[in-house]
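Report on the following structure.
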Amino acid sequence: MNRLCIDQLSLAYQPSVKVLDNISLEISHGMFGLLGPNGAGKSSLMKTIVGLQHPNSGNILFNGTDVIKNPGYLHKQLGFLPQDFGVYPGASAYQLLQHLAVLKGVSDSAARKAQILYLLDKVNLYQARDKEVHTFSGGMKQRFGVAQALLGNPQLIIVDEPTAGLDPEERNRLNLLLSDISENVVVMLSTHLVEDVRNLCSQMAIIKRGTLLATGTPGEMIARLNGKVWTQQIDHRALTHYQTTHRLISQQLIEKKLHITVYSEIPPDGFHPVTPTLEHVYFHTLYHESNPAI
Ligand SMILES: Nc1ncnc2c1ncn2[C@@H]1O[C@H](COP(=O)(O)OP(=O)(O)OP(=O)(O)O)[C@@H](O)[C@H]1O
């Protein structure tokens, strides 16, 4: 079984500005979802794991081997899709994958060809295999990026917002592919789509300003909110009042009427209970777990 252990990892791009602050995570095979708002440190964590950033302190072990000291050990087993994935002009999808597969050590030419065609089919680019990648649409480039990350049967796959910019059909296709692959390998993905984490991930973490706020299985994290989420339709002029007197999780307009959802351990006056969702967990964690003032 593959296992990634991150132990007390800290990173600062500039002295005294910590982008990752003492992060510890134990991740086994399956899909691991990393949720957090813009600037939380998701990409920085991923870049540090793959060796593109050197941490200020802490350890990263993959299957027991220290990958900060032995980056070569991880690179042989790693597939990575960065957020800003660039491509060389002039090369077709097939040629570029061929080149990248050789770099990844897929030395048998028949196996290499079979794997490239399989992946092109899986990411729905088989018909476009002879087109130059730099002419692809944003969504096609993203799908190409996922294909290159899967070359060479990696044991650790790290994908930074893999479905960003994809239409719903392509998003589903990629999610299914990643889910299939994650049966035996570790797939870490960052996303802003709470729904994707709920549907796909067996483990997850929420980070904010470089700090780990919560980790667990989506089911466990939702269960912790059972009986503690309440909703009510309110007059929009009363919103400020509720913001100061209740732990607001979300506000939503439904047919032009303002509905608020709050966290409370006892039934608040005028509210009725709702079944908690991962979105409630996410916003409750972001707004209240790091600042349980009210
Ligand atoms: N190379 C860098 N030099 C200096 N600061 C950086 C660098 N890269 C990221 N940062 C800062 O580190 C913090 C975390 O950024 P990061 O890109 O890791 O967040 P993120 O959670 O991936 O955000 P997003 O969801 O917007 O992609 C931000 O404040 C960002 O400005």
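The way I read the labels, and the way they are meant: chains A, B, ... in the order of the structure tokens, residue 1 as the first residue of every chain, and ligand 1 as the first ligand shown, with later ones counted on from there.
The residues sitting within 6 Å of ligand 1, with only C-alpha atoms and all ligand atoms considered, come out as Tyr13, Val19, Gly36, Pro37, Asn38, Gly39, Ala40, Gly41, Lys42, Ser43 and Ser44 of chain A.
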Distance query region 236-241 of chain A at most 9 Å, only C-alpha atoms, self and fewer than 6 positions along chain excluded, as number ranges by chain: A: 257-260
Limited to N, CA and C atoms, could you put the picked residues into a file as a short mmCIF file (atom, residue, chain, number, x, y, z; two decimals), in the first residue's frame?
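That gives us again_33.cif:
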```cif
data_model
loop_
_atom_site.label_atom_id
_atom_site.label_comp_id
_atom_site.auth_asym_id
_atom_site.auth_seq_id
_atom_site.Cartn_x
_atom_site.Cartn_y
_atom_site.Cartn_z
N LYS A 257 -35.74 35.57 -2.05
CA LYS A 257 -35.88 35.66 -0.59
C LYS A 257 -34.55 35.21 0.03
N LEU A 258 -34.11 35.95 1.05
CA LEU A 258 -32.83 35.64 1.68
C LEU A 258 -33.00 34.54 2.74
N HIS A 259 -32.21 33.46 2.55
CA HIS A 259 -32.21 32.36 3.53
C HIS A 259 -30.81 32.31 4.13
N ILE A 260 -30.75 32.18 5.45
CA ILE A 260 -29.43 32.03 6.08
C ILE A 260 -29.34 30.66 6.74
#
```
Of the listed residues A:His288, A:Ser190, A:Asp108, A:Ala205, that which approaches Leu25 (chain A) most closely, counting only C-alpha atoms: A:Ala205
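The closest residue to Leu178 (chain A), picked from A:Ile23, A:Met31, A:Val133, A:Val262 and counting only C-alpha atoms, is A:Met31.
Using only C-alpha atoms, the protein and nucleic acid residues lying no more than 9 Å from Leu119 (chain A), apart from those fewer than 5 places from it along its own chain, are Ala114, Asn124, Leu125, Tyr126, Val146, Ala147, Gln148, Leu150 and Leu151 of chain A.
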What lies within 8 Å of Leu156 (chain A) using only C-alpha atoms, ignoring chain neighbours under 5 positions off, as a CSV table (one decimal) with C-alpha atoms, in the first residue's frame?
```
chain,number,residue,atom,x,y,z
A,2,ASN,CA,1.3,3.5,-0.9
A,77,GLN,CA,6.8,7.3,-9.0
A,78,LEU,CA,5.3,10.8,-9.4
A,79,GLY,CA,2.7,12.2,-11.8
A,185,VAL,CA,-2.3,4.8,-5.8
A,186,VAL,CA,-2.3,8.0,-3.8
A,187,VAL,CA,-4.1,10.8,-5.7
A,188,MET,CA,-4.0,14.2,-4.1
```
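Here CA of Tyr263 (chain A) and CA of Val229 (chain A) stand 4.9 Å from one another.
Taking CA of Thr135 (chain A) as the reference point, CA of Arg171 (chain A) is found at 20.6 Å.
Using only C-alpha atoms, the nearest neighbour of Thr163 (chain A) within the list A:Ser109, A:Asn226, A:Gln83, A:Thr211 is A:Gln83.
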